[in-house]
>>> print(open('protein-v3.txt').read())   # compact mmCIF, C-alpha atoms
# COMPACT_ATOMS: atom_id res chain seq x y z
CA MET A 1 -1.55 -6.64 0.92
CA ASP A 2 -4.12 -7.57 -1.69
CA ILE A 3 -4.75 -4.59 -3.90
CA SER A 4 -7.81 -6.18 -5.48
CA LEU A 5 -9.90 -4.14 -3.06
CA ILE A 6 -8.82 -0.87 -4.68
CA PHE A 7 -9.71 -2.05 -8.16
CA GLN A 8 -13.01 -3.36 -6.85
CA ILE A 9 -13.88 0.10 -5.56
CA ALA A 10 -12.71 1.67 -8.83
CA GLY A 11 -14.92 -0.76 -10.77
CA ILE A 12 -17.95 0.10 -8.69
CA GLY A 13 -17.22 3.79 -9.22
CA ILE A 14 -17.03 3.36 -13.00
CA ILE A 15 -20.26 1.35 -13.09
CA VAL A 16 -22.05 3.97 -11.03
CA ALA A 17 -20.74 6.71 -13.31
CA VAL A 18 -21.90 4.95 -16.48
CA LEU A 19 -25.33 4.16 -15.04
CA ASN A 20 -25.59 7.74 -13.86
CA ILE A 21 -25.01 9.12 -17.33
CA LEU A 22 -27.37 6.60 -18.89
CA LEU A 23 -30.17 7.42 -16.48
CA LYS A 24 -29.63 11.17 -16.84
CA LYS A 25 -29.79 10.94 -20.62
CA SER A 26 -33.09 9.02 -20.42
CA ASP A 27 -34.56 11.66 -18.07
CA LYS A 28 -34.66 9.37 -15.01
CA ASP A 29 -32.79 11.69 -12.63
CA GLU A 30 -34.38 10.19 -9.49
CA TYR A 31 -32.95 6.77 -10.31
CA ALA A 32 -29.56 8.35 -11.02
CA VAL A 33 -29.52 9.79 -7.51
CA MET A 34 -30.58 6.43 -6.06
CA ILE A 35 -27.85 4.62 -7.99
CA ASN A 36 -25.34 7.09 -6.60
CA ILE A 37 -26.48 6.50 -3.05
CA ALA A 38 -26.45 2.73 -3.54
CA GLY A 39 -22.90 2.82 -4.92
CA VAL A 40 -21.67 4.95 -2.05
CA VAL A 41 -23.28 2.68 0.55
CA ILE A 42 -21.86 -0.50 -0.97
CA VAL A 43 -18.34 0.91 -1.11
CA LEU A 44 -18.69 2.20 2.44
CA ALA A 45 -19.60 -1.30 3.64
CA ILE A 46 -16.55 -2.80 1.92
CA LEU A 47 -14.32 -0.08 3.33
CA ALA A 48 -15.65 -0.45 6.87
CA ASN A 49 -14.49 -4.08 6.91
CA GLU A 50 -11.07 -3.06 5.62
CA ILE A 51 -10.63 -0.34 8.25
CA ALA A 52 -11.75 -2.73 10.98
CA GLY A 53 -9.11 -5.20 9.82
CA LEU A 54 -6.44 -2.50 9.87
CA PHE A 55 -7.28 -1.40 13.42
CA GLN A 56 -7.31 -5.04 14.50
CA THR A 57 -3.76 -5.56 13.20
CA ILE A 58 -2.58 -2.35 14.86
CA LYS A 59 -4.11 -3.46 18.15
CA SER A 60 -2.51 -6.88 17.95
CA VAL A 61 0.93 -5.60 16.96
CA PHE A 62 1.16 -2.76 19.48
CA GLY A 63 -0.33 -4.71 22.34
CA PHE A 64 -3.42 -2.64 23.02
CA MET B 1 11.62 -5.42 -1.10
CA GLU B 2 8.04 -4.34 -0.45
CA ILE B 3 8.82 -0.68 -1.10
CA LEU B 4 8.56 -1.07 -4.89
CA SER B 5 5.05 -2.40 -4.76
CA ILE B 6 4.02 0.28 -2.29
CA ALA B 7 5.37 3.05 -4.52
CA ALA B 8 3.69 1.58 -7.59
CA LEU B 9 0.43 1.21 -5.69
CA CYS B 10 0.53 4.87 -4.64
CA LEU B 11 1.06 6.03 -8.22
CA VAL B 12 -1.79 3.88 -9.50
CA VAL B 13 -4.08 5.19 -6.77
CA THR B 14 -3.28 8.84 -7.52
CA VAL B 15 -4.13 8.24 -11.19
CA LEU B 16 -7.37 6.49 -10.18
CA CYS B 17 -8.30 9.40 -7.94
CA LYS B 18 -7.78 11.79 -10.83
CA LEU B 19 -10.05 9.56 -12.91
CA PHE B 20 -12.84 9.93 -10.35
CA ASP B 21 -12.67 13.71 -10.07
CA ALA B 22 -16.37 13.89 -10.94
CA GLN B 23 -17.44 11.71 -7.97
CA LYS B 24 -15.41 13.03 -5.04
CA GLU B 25 -16.66 10.30 -2.69
CA ILE B 26 -15.34 7.39 -4.76
CA ALA B 27 -11.93 9.10 -5.00
CA LEU B 28 -11.94 9.54 -1.24
CA TYR B 29 -12.84 5.88 -0.75
CA ILE B 30 -9.98 4.77 -3.00
CA LYS B 31 -7.57 6.96 -1.02
CA ILE B 32 -8.78 5.57 2.30
CA ALA B 33 -8.58 1.99 1.03
CA ALA B 34 -5.05 2.47 -0.31
CA ALA B 35 -3.87 4.14 2.90
CA ALA B 36 -5.38 1.38 4.99
CA LEU B 37 -3.82 -1.36 2.87
CA ILE B 38 -0.35 0.17 2.94
CA LEU B 39 -0.45 0.92 6.68
CA GLY B 40 -1.76 -2.60 7.38
CA GLY B 41 1.00 -4.12 5.27
CA VAL B 42 3.77 -2.06 6.84
CA ILE B 43 2.56 -2.49 10.43
CA LEU B 44 3.25 -6.21 10.17
CA TYR B 45 6.97 -5.36 9.89
CA VAL B 46 6.92 -3.72 13.32
CA SER B 47 6.53 -6.93 15.33
CA PRO B 48 10.07 -8.26 14.66
CA ILE B 49 11.40 -4.80 15.54
CA ALA B 50 9.39 -4.89 18.76
CA ASP B 51 10.79 -8.32 19.64
CA THR B 52 14.42 -7.24 19.16
CA ILE B 53 13.87 -4.09 21.21
CA ASN B 54 12.25 -6.17 23.94
CA THR B 55 15.22 -8.57 24.08
CA ILE B 56 17.68 -5.66 24.20
CA PHE B 57 15.83 -4.03 27.07
CA ASP B 58 15.52 -7.37 28.90
CA LYS B 59 19.31 -7.66 28.78
CA ALA B 60 19.61 -4.11 30.09
CA GLY B 61 17.36 -5.12 32.95
CA ALA B 62 14.73 -2.40 32.48
CA SER B 63 11.22 -3.52 33.40
CA ASP B 64 9.07 -4.05 30.33
CA THR B 65 6.14 -1.90 31.53
CA TYR B 66 7.88 1.15 30.06
CA ILE B 67 8.43 -0.62 26.73
CA ASN B 68 4.77 -1.58 26.50
CA ILE B 69 3.79 2.03 27.15
CA LEU B 70 6.16 3.12 24.38
CA PHE B 71 4.72 0.69 21.86
CA LYS B 72 1.15 1.59 22.77
CA ALA B 73 2.05 5.25 22.26
CA LEU B 74 3.51 4.37 18.86
CA GLY B 75 0.27 2.63 17.90
CA ILE B 76 -1.79 5.62 18.97
CA CYS B 77 0.44 7.90 16.91
CA TYR B 78 0.00 5.72 13.82
CA ILE B 79 -3.78 5.70 14.10
CA THR B 80 -4.14 9.43 14.78
CA GLN B 81 -1.74 10.26 11.95
CA PHE B 82 -3.65 7.98 9.57
CA ALA B 83 -7.01 9.53 10.42
CA SER B 84 -5.92 13.17 10.58
CA ASP B 85 -4.04 13.04 7.27
CA ILE B 86 -7.05 11.57 5.46
CA CYS B 87 -9.30 14.26 6.95
CA LYS B 88 -6.81 16.93 5.94
CA ASP B 89 -6.61 15.55 2.40
CA SER B 90 -10.34 15.74 1.92
CA GLY B 91 -10.40 19.34 3.17
CA GLU B 92 -11.66 18.76 6.72
CA GLY B 93 -8.97 20.74 8.57
CA ALA B 94 -11.08 21.13 11.70
CA LEU B 95 -11.66 17.37 12.08
CA ALA B 96 -7.95 16.69 11.58
CA VAL B 97 -7.07 19.06 14.42
CA GLN B 98 -9.68 17.42 16.66
CA ILE B 99 -8.19 13.97 16.07
CA GLU B 100 -4.70 15.23 16.80
CA ILE B 101 -5.81 16.88 20.06
CA ALA B 102 -7.54 13.66 21.09
CA GLY B 103 -4.40 11.68 20.24
CA LYS B 104 -2.21 13.99 22.31
CA ILE B 105 -4.54 13.73 25.30
CA THR B 106 -4.62 9.93 25.13
CA LEU B 107 -0.82 9.91 24.91
CA LEU B 108 -0.58 12.11 27.99
CA LEU B 109 -3.05 9.90 29.80
CA LEU B 110 -1.02 6.86 28.81
CA SER B 111 2.25 8.30 30.09
CA LEU B 112 1.01 9.37 33.55
CA PRO B 113 2.69 6.44 35.36
CA LEU B 114 5.95 7.44 33.69
CA PHE B 115 5.76 10.88 35.26
CA GLU B 116 5.17 9.37 38.70
CA ALA B 117 8.10 6.99 38.26
CA LEU B 118 10.26 9.90 37.21
CA THR B 119 9.36 12.01 40.24
CA ASP B 120 9.97 9.07 42.57
CA LEU B 121 13.36 8.50 40.97
CA VAL B 122 14.30 12.16 41.30
CA THR B 123 13.26 12.32 44.95
CA VAL B 124 15.31 9.20 45.69
CA LEU B 125 18.34 10.57 43.87
CA LEU B 126 18.17 13.94 45.59
CA GLY B 127 17.60 12.20 48.89
CA ILE B 128 14.62 14.42 49.76
>>> encode(input="protein-v3.txt", output="structure tokens")
Amino acid sequence: MDISLIFQIAGIGIIVAVLNILLKKSDKDEYAVMINIAGVVIVLAILANEIAGLFQTIKSVFGF
Amino acid sequence: MEILSIAALCLVVTVLCKLFDAQKEIALYIKIAAAALILGGVILYVSPIADTINTIFDKAGASDTYINILFKALGICYITQFASDICKDSGEGALAVQIEIAGKITLLLLSLPLFEALTDLVTVLLGI
């Protein structure tokens, strides 16, 4: 049960938030939106692997 | 025991989700990741329980097809509960209900042979 994944996601969230504010202050709103989308996609990729691993363990334990 | 780390992890995750109130999606991701980690960690404790139950039922002489159906049903319940609770948390009540209905239908489908076995047993007992 490695909890580093959660802090990884939190770190990405903080970075995206800071970049968002920076870009908004310098009137680059399009890039802010792109940074948001990029952050969401990266975290979704990480999470998809984690969920796949969870379902794999459930399948193996309960004999699917 | 593992329960201390799980409780601490849940508290940390709730605080983190409050931190990300501005970006709802990151908070949702953190919740999903934490739920997946905890469920994955706890599921590994089920296999020794399954082994002991299997040995007990082998002694009692019951065929192990029923036990496998039981454990498969337990797995289905875990997965549907995991998915529907996360959907409910993020406000998607309709999706949660859909997952639960699907889970119930798969459970019924899974337990069809049990019904047949039951009816056969009853007919034999009543001598019809």
>>> closest_residue(input="protein-v3.txt", among="B:Ser47, B:Glu2, B:Leu19, B:Leu109", to="chain A", atoms="all atoms listed in the file")
B:Ser47
>>> closest_residue(input="protein-v3.txt", among="B:Phe57, B:Phe82, B:Phe115, B:Phe71", to="chain A", atoms="only C-alpha atoms")
B:Phe71
>>> residues_near_point(input="protein-v3.txt", point="(-21.6, 4.5, -6.9)", cutoff="8 Å", atoms="all atoms listed in the file", output="short mmCIF file (atom, residue, chain, number, x, y, z; two decimals) with C-alpha atoms, in the coordinates of the input")
data_model
loop_
_atom_site.label_atom_id
_atom_site.label_comp_id
_atom_site.auth_asym_id
_atom_site.auth_seq_id
_atom_site.Cartn_x
_atom_site.Cartn_y
_atom_site.Cartn_z
CA ILE A 12 -17.95 0.10 -8.69
CA GLY A 13 -17.22 3.79 -9.22
CA ILE A 14 -17.03 3.36 -13.00
CA ILE A 15 -20.26 1.35 -13.09
CA VAL A 16 -22.05 3.97 -11.03
CA ALA A 17 -20.74 6.71 -13.31
CA ILE A 35 -27.85 4.62 -7.99
CA ASN A 36 -25.34 7.09 -6.60
CA ILE A 37 -26.48 6.50 -3.05
CA ALA A 38 -26.45 2.73 -3.54
CA GLY A 39 -22.90 2.82 -4.92
CA VAL A 40 -21.67 4.95 -2.05
CA VAL A 41 -23.28 2.68 0.55
CA ILE A 42 -21.86 -0.50 -0.97
CA VAL A 43 -18.34 0.91 -1.11
CA ILE B 26 -15.34 7.39 -4.76
#
>>> interface_residues(input="protein-v3.txt", of="chain A", to="chain B", cutoff="9 Å", atoms="all atoms listed in the file", output="VMD selection string")
chain A and resid 1 to 3 5 to 7 9 to 10 12 to 14 17 39 to 40 43 to 44 47 50 to 51 53 to 55 57 to 59 61 to 64
>>> atom_distance(input="protein-v3.txt", atom1="atom CA of Ala117 of chain B", atom2="atom CA of Asp64 of chain B")
13.6 Å
>>> decode(input="protein-v3.txt", residues="segment 39-50 of chain A", atoms="all heavy atoms", output="mmCIF file, in the first residue's frame")
data_model
loop_
_atom_site.group_PDB
_atom_site.id
_atom_site.type_symbol
_atom_site.label_atom_id
_atom_site.label_comp_id
_atom_site.auth_asym_id
_atom_site.auth_seq_id
_atom_site.Cartn_x
_atom_site.Cartn_y
_atom_site.Cartn_z
ATOM 1 N N GLY A 39 -2.937 18.698 -16.940
ATOM 2 C CA GLY A 39 -2.828 18.121 -15.592
ATOM 3 C C GLY A 39 -3.866 17.042 -15.383
ATOM 4 O O GLY A 39 -3.562 15.934 -14.904
ATOM 5 N N VAL A 40 -5.094 17.318 -15.807
ATOM 6 C CA VAL A 40 -6.159 16.331 -15.600
ATOM 7 C C VAL A 40 -5.842 15.052 -16.354
ATOM 8 O O VAL A 40 -5.990 13.941 -15.821
ATOM 9 C CB VAL A 40 -7.507 16.953 -16.064
ATOM 10 C CG1 VAL A 40 -8.552 15.882 -16.216
ATOM 11 C CG2 VAL A 40 -7.955 17.997 -15.075
ATOM 12 N N VAL A 41 -5.326 15.186 -17.586
ATOM 13 C CA VAL A 41 -5.079 13.982 -18.390
ATOM 14 C C VAL A 41 -3.968 13.148 -17.768
ATOM 15 O O VAL A 41 -4.072 11.923 -17.646
ATOM 16 C CB VAL A 41 -4.731 14.397 -19.830
ATOM 17 C CG1 VAL A 41 -4.116 13.244 -20.575
ATOM 18 C CG2 VAL A 41 -5.962 14.892 -20.551
ATOM 19 N N ILE A 42 -2.908 13.845 -17.289
ATOM 20 C CA ILE A 42 -1.781 13.087 -16.709
ATOM 21 C C ILE A 42 -2.263 12.313 -15.484
ATOM 22 O O ILE A 42 -2.012 11.110 -15.338
ATOM 23 C CB ILE A 42 -0.649 14.066 -16.355
ATOM 24 C CG1 ILE A 42 0.006 14.596 -17.622
ATOM 25 C CG2 ILE A 42 0.379 13.408 -15.458
ATOM 26 C CD1 ILE A 42 0.977 15.729 -17.365
ATOM 27 N N VAL A 43 -3.028 12.996 -14.618
ATOM 28 C CA VAL A 43 -3.458 12.315 -13.395
ATOM 29 C C VAL A 43 -4.408 11.177 -13.754
ATOM 30 O O VAL A 43 -4.386 10.113 -13.130
ATOM 31 C CB VAL A 43 -4.131 13.328 -12.455
ATOM 32 C CG1 VAL A 43 -4.700 12.635 -11.252
ATOM 33 C CG2 VAL A 43 -3.131 14.365 -12.024
ATOM 34 N N LEU A 44 -5.216 11.377 -14.803
ATOM 35 C CA LEU A 44 -6.132 10.300 -15.188
ATOM 36 C C LEU A 44 -5.351 9.076 -15.643
ATOM 37 O O LEU A 44 -5.691 7.934 -15.309
ATOM 38 C CB LEU A 44 -7.046 10.791 -16.322
ATOM 39 C CG LEU A 44 -8.179 9.862 -16.731
ATOM 40 C CD1 LEU A 44 -9.078 9.590 -15.555
ATOM 41 C CD2 LEU A 44 -8.972 10.480 -17.862
ATOM 42 N N ALA A 45 -4.238 9.312 -16.376
ATOM 43 C CA ALA A 45 -3.440 8.166 -16.835
ATOM 44 C C ALA A 45 -2.880 7.411 -15.629
ATOM 45 O O ALA A 45 -2.999 6.175 -15.548
ATOM 46 C CB ALA A 45 -2.310 8.661 -17.734
ATOM 47 N N ILE A 46 -2.331 8.162 -14.660
ATOM 48 C CA ILE A 46 -1.766 7.486 -13.475
ATOM 49 C C ILE A 46 -2.850 6.684 -12.777
ATOM 50 O O ILE A 46 -2.686 5.523 -12.403
ATOM 51 C CB ILE A 46 -1.174 8.544 -12.519
ATOM 52 C CG1 ILE A 46 -0.002 9.272 -13.165
ATOM 53 C CG2 ILE A 46 -0.759 7.928 -11.213
ATOM 54 C CD1 ILE A 46 0.516 10.423 -12.337
ATOM 55 N N LEU A 47 -4.042 7.323 -12.659
ATOM 56 C CA LEU A 47 -5.107 6.674 -11.892
ATOM 57 C C LEU A 47 -5.625 5.438 -12.605
ATOM 58 O O LEU A 47 -5.969 4.436 -11.964
ATOM 59 C CB LEU A 47 -6.251 7.683 -11.702
ATOM 60 C CG LEU A 47 -7.070 7.496 -10.442
ATOM 61 C CD1 LEU A 47 -6.201 7.593 -9.223
ATOM 62 C CD2 LEU A 47 -8.154 8.516 -10.400
ATOM 63 N N ALA A 48 -5.651 5.486 -13.944
ATOM 64 C CA ALA A 48 -6.167 4.326 -14.687
ATOM 65 C C ALA A 48 -5.317 3.099 -14.370
ATOM 66 O O ALA A 48 -5.848 2.008 -14.125
ATOM 67 C CB ALA A 48 -6.146 4.621 -16.183
ATOM 68 N N ASN A 49 -3.985 3.287 -14.324
ATOM 69 C CA ASN A 49 -3.139 2.137 -13.987
ATOM 70 C C ASN A 49 -3.466 1.617 -12.596
ATOM 71 O O ASN A 49 -3.586 0.404 -12.367
ATOM 72 C CB ASN A 49 -1.664 2.545 -14.050
ATOM 73 C CG ASN A 49 -1.244 2.735 -15.484
ATOM 74 O OD1 ASN A 49 -1.804 2.108 -16.367
ATOM 75 N ND2 ASN A 49 -0.307 3.637 -15.694
ATOM 76 N N GLU A 50 -3.675 2.543 -11.661
ATOM 77 C CA GLU A 50 -3.933 2.121 -10.277
ATOM 78 C C GLU A 50 -5.239 1.338 -10.198
ATOM 79 O O GLU A 50 -5.325 0.279 -9.572
ATOM 80 C CB GLU A 50 -4.009 3.373 -9.388
ATOM 81 C CG GLU A 50 -4.046 3.076 -7.917
ATOM 82 C CD GLU A 50 -2.795 2.344 -7.447
ATOM 83 O OE1 GLU A 50 -1.733 2.539 -8.071
ATOM 84 O OE2 GLU A 50 -2.898 1.561 -6.507
#
